[in-house]
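Colleague: So that we are looking at the same thing, I have put the structure below in structure tokens.
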Amino acid sequence: MAAKSLTIEIVILERSRMGSSMDVPEPRLPQDGWGRRFMDKRLWYLIAGTRGGINRARILWTLHDRPYNANDLATRLALDYKTIRHHLDVLRENDCVMTLGNESYGTLYSLSPRLQVHFEDFLEIWRRIEPRLGEK
């Protein structure tokens with residue numbers, strides 16, 4: 001995709017130097033929208049391709065209902081608080097969760113807007129890993 005953009009920019013620059021008033025068509029979004037494939041690959045890696053992916057999936061599934069703080073997530077999912085914090089940090093770095101309000105003890109976490117848009121991708125992964133949910 002980058003090569004096409006570069007080519008278009010070169011054409012525009014060449015046309016502007018020649019003084020041509022050629023109309024350049026606006027780029028169109030792919031049918032699946034920008035970032036879907038990227039988010040899909042990221043989710044597969046975070047959930048199915050790394051240790052702790054099952055716990056990250058459980059966290060995302062729980063946050064889909066409503067925001068929680070790390071302590072409430074630890075209690076709800078029967079995991080250690082530090083484990084939850086680690087997974088929340090990984091999910092936050094990968095734009096899957098976000099914090100609400102100031103960052104202090106009791107900070108609430110919710111799904112990021114980007115993951116909310118691509119939640120169907122998460123559900124597809126969830127359906128495939130559901131048989132492994134008893135594992136930790």
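Each chain in the structure tokens gets a letter, A, B and so on, in the order shown; residues start at 1 in every chain, and ligands are counted from 1 in the order they appear.
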Just the residues within 10 Å of Trp126 of chain A, please, counting only C-alpha atoms, with nothing from its chain fewer than 6 positions along; format it as JSON, numbers by chain.

Modeller: {"A": [44, 47, 48, 54, 57, 58, 60, 61, 120, 132, 133]}

Colleague: What separation in Å, quoted to one decimal, exists between atom CA of Leu111 of chain A and atom CA of Asp89 of chain A?

Modeller: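 Distance reported for this atom pair: 12.8 Å.
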
Colleague: Might you pull out every residue within 6 Å of Pro67 of chain A, with only C-alpha atoms counted and same-chain residues fewer than 2 positions away left off, and present them as a PyMOL selection string?

Modeller: chain A and resi 63+108-110

Colleague: Go through segment 32-119 of chain A and collect every residue that DSSP, computed from the backbone, puts in strand (DSSP E); the answer should be as a VMD selection string.

Modeller: chain A and resid 68 to 69 97 to 100 108 to 111

Colleague: One decimal, Å: what's the distance from atom CA of Ser104 of chain A over to atom CA of Tyr45 of chain A, could you say?

Modeller: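 Going from atom CA of Ser104 of chain A over to atom CA of Tyr45 of chain A covers 28.9 Å.
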
Colleague: Would you return as a PyMOL selection string the members of segment 51-92 of chain A that DSSP assigns to alpha helix (DSSP H) on this structure's backbone?

Modeller: chain A and resi 53-65+70-77+81-92

Colleague: For the residues selected in the previous step, produce a file with C-alpha atoms as a short mmCIF file (atom, residue, chain, number, x, y, z; two decimals), in the first residue's frame.

Modeller:
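The result, written out as result.cif:
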```
data_model
loop_
_atom_site.label_atom_id
_atom_site.label_comp_id
_atom_site.auth_asym_id
_atom_site.auth_seq_id
_atom_site.Cartn_x
_atom_site.Cartn_y
_atom_site.Cartn_z
CA GLY A 53 -3.39 -15.18 25.91
CA ILE A 54 -6.29 -17.04 27.51
CA ASN A 55 -6.18 -14.68 30.50
CA ARG A 56 -6.02 -11.65 28.19
CA ALA A 57 -9.08 -12.97 26.35
CA ARG A 58 -10.92 -13.44 29.64
CA ILE A 59 -10.05 -9.85 30.63
CA LEU A 60 -11.31 -8.46 27.31
CA TRP A 61 -14.50 -10.53 27.54
CA THR A 62 -15.13 -9.23 31.07
CA LEU A 63 -14.43 -5.61 30.12
CA HIS A 64 -16.95 -5.92 27.30
CA ASP A 65 -19.72 -5.87 29.93
CA ALA A 70 -7.58 -4.22 38.32
CA ASN A 71 -8.59 -5.42 41.78
CA ASP A 72 -12.17 -6.18 40.71
CA LEU A 73 -10.87 -8.02 37.63
CA ALA A 74 -8.51 -10.08 39.81
CA THR A 75 -11.38 -11.07 42.09
CA ARG A 76 -13.82 -11.74 39.27
CA LEU A 77 -11.36 -13.84 37.24
CA TYR A 81 -3.60 -8.77 41.08
CA LYS A 82 -0.07 -8.48 39.60
CA THR A 83 -1.01 -10.90 36.82
CA ILE A 84 -4.03 -8.77 35.95
CA ARG A 85 -1.92 -5.60 35.99
CA HIS A 86 0.65 -7.19 33.66
CA HIS A 87 -2.03 -8.25 31.18
CA LEU A 88 -3.74 -4.84 31.36
CA ASP A 89 -0.40 -3.17 30.60
CA VAL A 90 0.12 -5.45 27.58
CA LEU A 91 -3.43 -4.84 26.35
CA ARG A 92 -3.07 -1.10 26.85
#
```
